[in-house]
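data-v1.cif follows; it contains mmCIF, N, CA and C atoms and all ligand atoms.
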```cif
data_entry
loop_
_atom_site.label_atom_id
_atom_site.label_comp_id
_atom_site.auth_asym_id
_atom_site.auth_seq_id
_atom_site.Cartn_x
_atom_site.Cartn_y
_atom_site.Cartn_z
N MET G 13 47.02 3.81 6.40
CA MET G 13 47.18 4.90 7.37
C MET G 13 47.88 6.09 6.73
N ARG G 14 48.96 5.79 5.97
CA ARG G 14 49.67 6.89 5.31
C ARG G 14 48.74 7.65 4.38
N GLN G 15 47.92 6.88 3.65
CA GLN G 15 46.99 7.51 2.71
C GLN G 15 45.97 8.37 3.45
N PHE G 16 45.54 7.87 4.59
CA PHE G 16 44.55 8.60 5.37
C PHE G 16 45.14 9.93 5.82
N LEU G 17 46.39 9.88 6.30
CA LEU G 17 47.05 11.12 6.75
C LEU G 17 47.22 12.09 5.59
N ALA G 18 47.58 11.56 4.42
CA ALA G 18 47.77 12.42 3.26
C ALA G 18 46.45 13.11 2.90
N ALA G 19 45.37 12.35 3.00
CA ALA G 19 44.06 12.92 2.68
C ALA G 19 43.73 14.04 3.66
N LEU G 20 44.05 13.81 4.93
CA LEU G 20 43.79 14.83 5.95
C LEU G 20 44.58 16.09 5.66
N LEU G 21 45.83 15.91 5.25
CA LEU G 21 46.69 17.06 4.99
C LEU G 21 46.25 17.81 3.74
N LEU G 22 45.75 17.09 2.77
CA LEU G 22 45.41 17.72 1.50
C LEU G 22 44.02 18.34 1.51
N ALA G 23 43.17 17.90 2.43
CA ALA G 23 41.78 18.39 2.44
C ALA G 23 41.68 19.91 2.49
N PRO G 24 42.45 20.58 3.37
CA PRO G 24 42.33 22.04 3.41
C PRO G 24 42.72 22.69 2.09
N LEU G 25 43.68 22.11 1.39
CA LEU G 25 44.09 22.65 0.09
C LEU G 25 42.94 22.58 -0.89
N ALA G 26 42.25 21.44 -0.88
CA ALA G 26 41.12 21.26 -1.78
C ALA G 26 40.03 22.29 -1.45
N CYS G 27 39.84 22.57 -0.16
CA CYS G 27 38.81 23.52 0.25
C CYS G 27 39.18 24.93 -0.18
N ALA G 28 40.47 25.26 -0.10
CA ALA G 28 40.90 26.61 -0.46
C ALA G 28 40.58 26.90 -1.91
N ALA G 29 40.61 25.86 -2.72
CA ALA G 29 40.35 26.04 -4.15
C ALA G 29 38.88 25.83 -4.48
N GLN G 30 38.05 25.83 -3.45
CA GLN G 30 36.63 25.56 -3.64
C GLN G 30 36.03 26.49 -4.69
N PRO G 31 35.51 25.93 -5.75
CA PRO G 31 34.98 26.78 -6.82
C PRO G 31 33.67 27.44 -6.43
N LEU G 32 33.30 28.46 -7.21
CA LEU G 32 32.08 29.21 -6.93
C LEU G 32 30.85 28.33 -6.90
N ALA G 33 30.87 27.28 -7.74
CA ALA G 33 29.70 26.41 -7.81
C ALA G 33 29.37 25.84 -6.44
N ASP G 34 30.39 25.57 -5.63
CA ASP G 34 30.16 25.01 -4.31
C ASP G 34 29.57 26.04 -3.36
N ALA G 35 29.70 27.32 -3.67
CA ALA G 35 29.18 28.36 -2.80
C ALA G 35 27.66 28.29 -2.72
N ARG G 36 27.04 27.91 -3.83
CA ARG G 36 25.58 27.78 -3.82
C ARG G 36 25.17 26.70 -2.83
N GLN G 37 25.92 25.58 -2.86
CA GLN G 37 25.63 24.49 -1.93
C GLN G 37 25.87 24.94 -0.49
N LEU G 38 26.94 25.71 -0.31
CA LEU G 38 27.26 26.23 1.01
C LEU G 38 26.12 27.11 1.51
N ALA G 39 25.60 27.97 0.64
CA ALA G 39 24.49 28.85 1.00
C ALA G 39 23.27 28.02 1.42
N ALA G 40 23.03 26.94 0.67
CA ALA G 40 21.89 26.07 1.00
C ALA G 40 22.13 25.40 2.35
N ASP G 41 23.35 24.89 2.54
CA ASP G 41 23.68 24.18 3.78
C ASP G 41 23.58 25.12 4.99
N GLN G 42 23.92 26.38 4.80
CA GLN G 42 23.93 27.34 5.91
C GLN G 42 22.56 27.98 6.14
N GLY G 43 21.57 27.58 5.35
CA GLY G 43 20.22 28.10 5.56
C GLY G 43 20.02 29.52 5.08
N CYS G 44 20.90 30.01 4.21
CA CYS G 44 20.78 31.39 3.72
C CYS G 44 19.45 31.62 3.01
N TYR G 45 18.98 30.59 2.29
CA TYR G 45 17.76 30.75 1.51
C TYR G 45 16.52 30.87 2.39
N ASN G 46 16.63 30.47 3.64
CA ASN G 46 15.48 30.62 4.54
C ASN G 46 15.08 32.08 4.67
N CYS G 47 16.07 32.95 4.59
CA CYS G 47 15.78 34.38 4.70
C CYS G 47 15.90 35.11 3.36
N HIS G 48 16.87 34.70 2.54
CA HIS G 48 17.16 35.44 1.30
C HIS G 48 16.56 34.82 0.05
N GLY G 49 15.71 33.81 0.23
CA GLY G 49 15.12 33.14 -0.94
C GLY G 49 14.05 33.99 -1.60
N GLU G 50 13.28 33.37 -2.48
CA GLU G 50 12.16 34.06 -3.15
C GLU G 50 10.84 33.42 -2.73
N PRO G 51 9.96 34.14 -2.09
CA PRO G 51 10.14 35.50 -1.60
C PRO G 51 11.02 35.51 -0.35
N PRO G 52 11.74 36.58 -0.12
CA PRO G 52 12.59 36.63 1.08
C PRO G 52 11.75 36.83 2.33
N ARG G 53 12.36 36.57 3.46
CA ARG G 53 11.67 36.83 4.71
C ARG G 53 11.46 38.34 4.85
N ARG G 54 10.48 38.73 5.57
CA ARG G 54 10.16 40.15 5.72
C ARG G 54 11.36 40.96 6.17
N TYR G 55 11.54 42.10 5.55
CA TYR G 55 12.62 43.05 5.86
C TYR G 55 14.00 42.53 5.47
N VAL G 56 14.07 41.38 4.81
CA VAL G 56 15.37 40.85 4.39
C VAL G 56 15.50 41.04 2.87
N PRO G 57 16.63 41.56 2.40
CA PRO G 57 16.81 41.66 0.95
C PRO G 57 16.98 40.26 0.35
N SER G 58 16.36 40.01 -0.81
CA SER G 58 16.54 38.70 -1.44
C SER G 58 17.94 38.63 -2.05
N PHE G 59 18.43 37.42 -2.32
CA PHE G 59 19.74 37.30 -2.97
C PHE G 59 19.71 38.03 -4.31
N ARG G 60 18.55 38.03 -4.98
CA ARG G 60 18.43 38.73 -6.24
C ARG G 60 18.74 40.23 -6.07
N GLU G 61 18.21 40.81 -5.00
CA GLU G 61 18.47 42.23 -4.72
C GLU G 61 19.93 42.48 -4.37
N ILE G 62 20.48 41.57 -3.55
CA ILE G 62 21.88 41.73 -3.14
C ILE G 62 22.79 41.60 -4.36
N VAL G 63 22.49 40.62 -5.22
CA VAL G 63 23.28 40.43 -6.44
C VAL G 63 23.24 41.70 -7.29
N ALA G 64 22.07 42.32 -7.39
CA ALA G 64 21.95 43.56 -8.17
C ALA G 64 22.81 44.66 -7.54
N ARG G 65 22.81 44.70 -6.22
CA ARG G 65 23.59 45.72 -5.51
C ARG G 65 25.10 45.47 -5.67
N TYR G 66 25.49 44.19 -5.61
CA TYR G 66 26.91 43.84 -5.67
C TYR G 66 27.45 43.83 -7.11
N ALA G 67 26.55 43.97 -8.09
CA ALA G 67 26.97 43.88 -9.49
C ALA G 67 28.00 44.95 -9.84
N THR G 68 27.99 46.06 -9.12
CA THR G 68 28.96 47.12 -9.41
C THR G 68 30.40 46.63 -9.20
N TYR G 69 30.58 45.57 -8.41
CA TYR G 69 31.93 45.07 -8.13
C TYR G 69 32.37 44.00 -9.13
N ARG G 70 31.43 43.54 -9.96
CA ARG G 70 31.74 42.40 -10.82
C ARG G 70 32.90 42.73 -11.75
N GLY G 71 33.89 41.84 -11.78
CA GLY G 71 35.04 42.02 -12.65
C GLY G 71 36.06 43.01 -12.13
N ARG G 72 35.73 43.71 -11.03
CA ARG G 72 36.72 44.65 -10.49
C ARG G 72 36.64 44.69 -8.96
N LEU G 73 36.62 43.50 -8.40
CA LEU G 73 36.61 43.39 -6.95
C LEU G 73 38.04 43.31 -6.45
N ASP G 74 38.57 44.43 -5.93
CA ASP G 74 39.94 44.37 -5.40
C ASP G 74 39.90 43.87 -3.95
N GLY G 75 41.08 43.60 -3.43
CA GLY G 75 41.17 43.00 -2.10
C GLY G 75 40.48 43.82 -1.03
N LYS G 76 40.59 45.13 -1.15
CA LYS G 76 40.06 46.02 -0.12
C LYS G 76 38.53 46.01 -0.12
N ALA G 77 37.96 46.12 -1.32
CA ALA G 77 36.49 46.12 -1.44
C ALA G 77 35.95 44.77 -0.98
N GLU G 78 36.66 43.71 -1.38
CA GLU G 78 36.21 42.37 -1.00
C GLU G 78 36.21 42.23 0.52
N GLN G 79 37.28 42.69 1.15
CA GLN G 79 37.38 42.57 2.61
C GLN G 79 36.26 43.35 3.29
N ALA G 80 35.93 44.51 2.73
CA ALA G 80 34.86 45.33 3.32
C ALA G 80 33.53 44.57 3.26
N LEU G 81 33.27 43.92 2.13
CA LEU G 81 32.02 43.16 1.99
C LEU G 81 32.02 41.95 2.92
N VAL G 82 33.18 41.30 3.00
CA VAL G 82 33.29 40.13 3.87
C VAL G 82 33.04 40.54 5.32
N ASP G 83 33.65 41.65 5.73
CA ASP G 83 33.49 42.10 7.11
C ASP G 83 32.04 42.47 7.40
N ARG G 84 31.41 43.13 6.44
CA ARG G 84 30.03 43.55 6.67
C ARG G 84 29.11 42.33 6.78
N LEU G 85 29.35 41.35 5.94
CA LEU G 85 28.54 40.13 6.02
C LEU G 85 28.83 39.39 7.32
N HIS G 86 30.11 39.21 7.60
CA HIS G 86 30.54 38.37 8.71
C HIS G 86 30.20 38.96 10.07
N HIS G 87 30.51 40.23 10.24
CA HIS G 87 30.39 40.82 11.58
C HIS G 87 29.19 41.73 11.72
N GLY G 88 28.49 42.00 10.64
CA GLY G 88 27.32 42.86 10.72
C GLY G 88 27.71 44.28 11.06
N SER G 89 26.74 45.05 11.51
CA SER G 89 27.03 46.42 11.88
C SER G 89 26.43 46.63 13.26
N LEU G 90 26.46 47.85 13.68
CA LEU G 90 25.96 48.18 15.00
C LEU G 90 24.52 47.69 15.18
N PHE G 91 23.74 47.79 14.09
CA PHE G 91 22.31 47.52 14.22
C PHE G 91 21.91 46.17 13.66
N SER G 92 22.81 45.46 13.06
CA SER G 92 22.40 44.19 12.50
C SER G 92 23.29 43.07 12.99
N HIS G 93 22.67 42.11 13.62
CA HIS G 93 23.39 40.91 14.04
C HIS G 93 22.59 39.72 13.59
N VAL G 94 23.09 39.04 12.58
CA VAL G 94 22.42 37.86 12.05
C VAL G 94 23.30 36.66 12.40
N ALA G 95 22.78 35.76 13.21
CA ALA G 95 23.57 34.61 13.67
C ALA G 95 24.12 33.81 12.50
N ALA G 96 23.28 33.64 11.45
CA ALA G 96 23.71 32.85 10.29
C ALA G 96 24.91 33.50 9.60
N HIS G 97 25.03 34.82 9.69
CA HIS G 97 26.19 35.51 9.11
C HIS G 97 27.39 35.32 10.02
N GLU G 98 27.17 35.48 11.31
CA GLU G 98 28.29 35.53 12.25
C GLU G 98 28.96 34.19 12.46
N ARG G 99 28.19 33.09 12.24
CA ARG G 99 28.82 31.78 12.47
C ARG G 99 29.64 31.31 11.27
N LEU G 100 29.62 32.05 10.16
CA LEU G 100 30.45 31.69 9.01
C LEU G 100 31.91 31.84 9.37
N THR G 101 32.74 30.99 8.78
CA THR G 101 34.18 31.22 8.92
C THR G 101 34.54 32.35 7.94
N GLU G 102 35.71 32.91 8.13
CA GLU G 102 36.18 33.97 7.23
C GLU G 102 36.20 33.46 5.79
N GLU G 103 36.66 32.20 5.60
CA GLU G 103 36.76 31.62 4.26
C GLU G 103 35.37 31.44 3.64
N GLN G 104 34.43 30.99 4.46
CA GLN G 104 33.07 30.80 3.95
C GLN G 104 32.46 32.14 3.55
N ALA G 105 32.64 33.15 4.40
CA ALA G 105 32.09 34.48 4.11
C ALA G 105 32.69 35.01 2.81
N ARG G 106 34.00 34.78 2.63
CA ARG G 106 34.67 35.25 1.41
C ARG G 106 34.12 34.53 0.17
N ALA G 107 33.96 33.22 0.29
CA ALA G 107 33.44 32.44 -0.85
C ALA G 107 32.04 32.91 -1.21
N LEU G 108 31.23 33.20 -0.21
CA LEU G 108 29.84 33.60 -0.47
C LEU G 108 29.77 35.01 -1.06
N VAL G 109 30.64 35.89 -0.59
CA VAL G 109 30.69 37.25 -1.16
C VAL G 109 31.10 37.18 -2.63
N ARG G 110 32.13 36.39 -2.92
CA ARG G 110 32.58 36.26 -4.33
C ARG G 110 31.46 35.72 -5.19
N TRP G 111 30.77 34.74 -4.66
CA TRP G 111 29.69 34.09 -5.38
C TRP G 111 28.59 35.12 -5.69
N LEU G 112 28.24 35.95 -4.71
CA LEU G 112 27.19 36.96 -4.93
C LEU G 112 27.65 38.03 -5.92
N VAL G 113 28.92 38.42 -5.82
CA VAL G 113 29.44 39.42 -6.76
C VAL G 113 29.40 38.87 -8.19
N GLU G 114 29.64 37.58 -8.32
CA GLU G 114 29.63 36.97 -9.66
C GLU G 114 28.20 36.65 -10.13
N GLY G 115 27.22 37.12 -9.38
CA GLY G 115 25.83 36.93 -9.82
C GLY G 115 25.19 35.65 -9.28
N ALA G 116 25.81 35.06 -8.26
CA ALA G 116 25.30 33.84 -7.65
C ALA G 116 24.94 32.79 -8.70
N PRO G 117 25.92 32.38 -9.53
CA PRO G 117 25.66 31.43 -10.61
C PRO G 117 25.22 30.06 -10.07
C1 LIG K 201 17.68 34.96 9.85
C2 LIG K 201 17.64 35.52 8.50
C3 LIG K 201 18.93 35.51 7.70
C4 LIG K 201 19.69 34.42 7.33
C5 LIG K 201 19.48 32.97 7.67
C6 LIG K 201 20.75 34.96 6.50
N1 LIG K 201 20.64 36.30 6.39
FE1 LIG K 201 21.78 37.53 5.22
N2 LIG K 201 20.75 39.14 5.84
C7 LIG K 201 19.68 39.11 6.72
C8 LIG K 201 19.25 40.48 6.98
C9 LIG K 201 18.12 40.89 7.94
C10 LIG K 201 20.08 41.30 6.22
C11 LIG K 201 20.03 42.85 6.13
C12 LIG K 201 20.73 43.46 7.30
C13 LIG K 201 22.21 43.28 7.20
O1 LIG K 201 22.81 43.65 6.17
O2 LIG K 201 22.81 42.73 8.14
C14 LIG K 201 20.99 40.46 5.50
C15 LIG K 201 21.95 40.92 4.62
C16 LIG K 201 22.79 40.11 3.90
C17 LIG K 201 23.76 40.57 2.94
C18 LIG K 201 23.96 42.01 2.53
C19 LIG K 201 25.05 42.64 3.39
C20 LIG K 201 25.37 44.00 2.83
O3 LIG K 201 26.35 44.11 2.08
O4 LIG K 201 24.64 44.94 3.11
C21 LIG K 201 24.40 39.48 2.46
C22 LIG K 201 25.51 39.45 1.43
C23 LIG K 201 23.84 38.33 3.13
N3 LIG K 201 22.87 38.75 4.01
C24 LIG K 201 24.25 37.04 2.90
C25 LIG K 201 23.79 35.94 3.62
C26 LIG K 201 24.32 34.62 3.48
C27 LIG K 201 25.44 34.24 2.52
C28 LIG K 201 23.64 33.82 4.33
C29 LIG K 201 23.88 32.36 4.64
C30 LIG K 201 25.14 32.10 5.30
C31 LIG K 201 22.66 34.65 5.01
N4 LIG K 201 22.79 35.92 4.57
C32 LIG K 201 21.74 34.17 5.92
C33 LIG K 201 19.09 37.99 7.25
C34 LIG K 201 19.54 36.69 7.09
#
```

What is this file in structure tokens?
Amino acid sequence: MRQFLAALLLAPLACAAQPLADARQLAADQGCYNCHGEPPRRYVPSFREIVARYATYRGRLDGKAEQALVDRLHHGSLFSHVAAHERLTEEQARALVRWLVEGAP
């Protein structure tokens, strides 16, 4: 029982340190590739296009720029509401943004 409780307490710590490699799995689990795969769904930018767009941030993503990207992904804009984006947790959105900025390795 003690071990079980310790595992429960430590699990969030392990998740916080979730490496970028897991972001790809997260994207797959969240169905991102259904729209952003190759070829992407109509009118949807492919991850390849988004990675090219986000490449300007690579190696110099400060907290403010990162938060702006996270917010745009997570909450959309006036004209875009994607359920798959909105149901992400803040942490998931952040992990996925970092992953895309790093070229979606
Ligand atoms: C139902 C289709 C659909 C799914 C599923 C989907 N997206 Fe999107 N995504 C879109 C569309 C449409 C846009 C362009 C409009 C916009 O930016 O909201 C977009 C735009 C984006 C952008 C660019 C935002 C920007 O900076 O302009 C990112 C990043 C993104 N999606 C990531 C994801 C991730 C990560 C997932 C999985 C959690 C995901 N999407 C799942 C349809 C989808």

Check: Which distance in Å separates CA of Val109 (chain G) and atom N2 of ligand LIG 201 (chain K), to one decimal?
Finding: 12.3 Å

Next item on the list: Mind the document's chain letters and residue numbers, and return as a count of residues only the residues of chain G that DSSP labels helix (DSSP H, G or I).
Entry: 70

Checklist line | One-decimal distance in Å that lies between CA of Val56 (chain G) and CA of Ala33 (chain G) | finding: 23.7 Å

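If you look at atom C of Tyr45 (chain G) and atom N of Ile62 (chain G), they are 12.9 Å away from each other.
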
Sorted per-residue table, chain G near ligand LIG 201 (chain K), closest atoms and distance, 6 Å, only C-alpha atoms and all ligand atoms, as CSV:
```
residue,atom,partner,partner_atom,distance
G:Ala39,CA,K:LIG201,C29,5.1
G:Gln42,CA,K:LIG201,C30,4.9
G:Gly43,CA,K:LIG201,C5,5.4
G:Cys44,CA,K:LIG201,C29,3.4
G:Asn46,CA,K:LIG201,C5,5.6
G:Cys47,CA,K:LIG201,C2,4.4
G:Val56,CA,K:LIG201,C9,4.5
G:Leu81,CA,K:LIG201,O3,5.7
G:Arg84,CA,K:LIG201,O3,5.9
G:Leu85,CA,K:LIG201,C19,5.0
G:Gly88,CA,K:LIG201,O2,5.2
G:Ser92,CA,K:LIG201,O2,4.6
G:Val94,CA,K:LIG201,C33,5.8
G:Ala96,CA,K:LIG201,C32,5.0
G:His97,CA,K:LIG201,C30,5.2
G:Leu108,CA,K:LIG201,C27,5.4
```

Edge lengths and centre in Å, axis-aligned, region 94-100 of chain G plus 8 Å each side, as JSON:
```
{"center_x": 27.2, "center_y": 35.2, "center_z": 11.3, "size_x": 25.5, "size_y": 23.7, "size_z": 20.7}
```

Note to self: I need the residue nearest Asp74 (chain G) from this list: G:Ala35, G:Val113, G:His87, G:Glu102. Use only C-alpha atoms for the distance.
What the structure shows: G:Val113

Notebook entry, point to check: Which polymer residues have any atom within 6 Å of an atom of Ser58 (chain G), counting all atoms listed in the file, with same-chain residues fewer than 3 positions away left out, as JSON, numbers by chain?
Noted result: {"G": [48, 49, 52, 61, 62, 63]}

Kindly export the residues of the current selection with N, CA and C atoms, as a compact mmCIF listing (two decimals), in the coordinates of the input.
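Saved to again_0.txt:
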```txt
# COMPACT_ATOMS: atom_id res chain seq x y z
N HIS G 48 16.87 34.70 2.54
CA HIS G 48 17.16 35.44 1.30
C HIS G 48 16.56 34.82 0.05
N GLY G 49 15.71 33.81 0.23
CA GLY G 49 15.12 33.14 -0.94
C GLY G 49 14.05 33.99 -1.60
N PRO G 52 11.74 36.58 -0.12
CA PRO G 52 12.59 36.63 1.08
C PRO G 52 11.75 36.83 2.33
N GLU G 61 18.21 40.81 -5.00
CA GLU G 61 18.47 42.23 -4.72
C GLU G 61 19.93 42.48 -4.37
N ILE G 62 20.48 41.57 -3.55
CA ILE G 62 21.88 41.73 -3.14
C ILE G 62 22.79 41.60 -4.36
N VAL G 63 22.49 40.62 -5.22
CA VAL G 63 23.28 40.43 -6.44
C VAL G 63 23.24 41.70 -7.29
```

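The shortest atom-to-atom distance to Glu114 (chain G), with only C-alpha atoms taken into account, belongs to G:Tyr69 out of G:Phe59, G:Tyr69, G:Ala40, G:Arg54.
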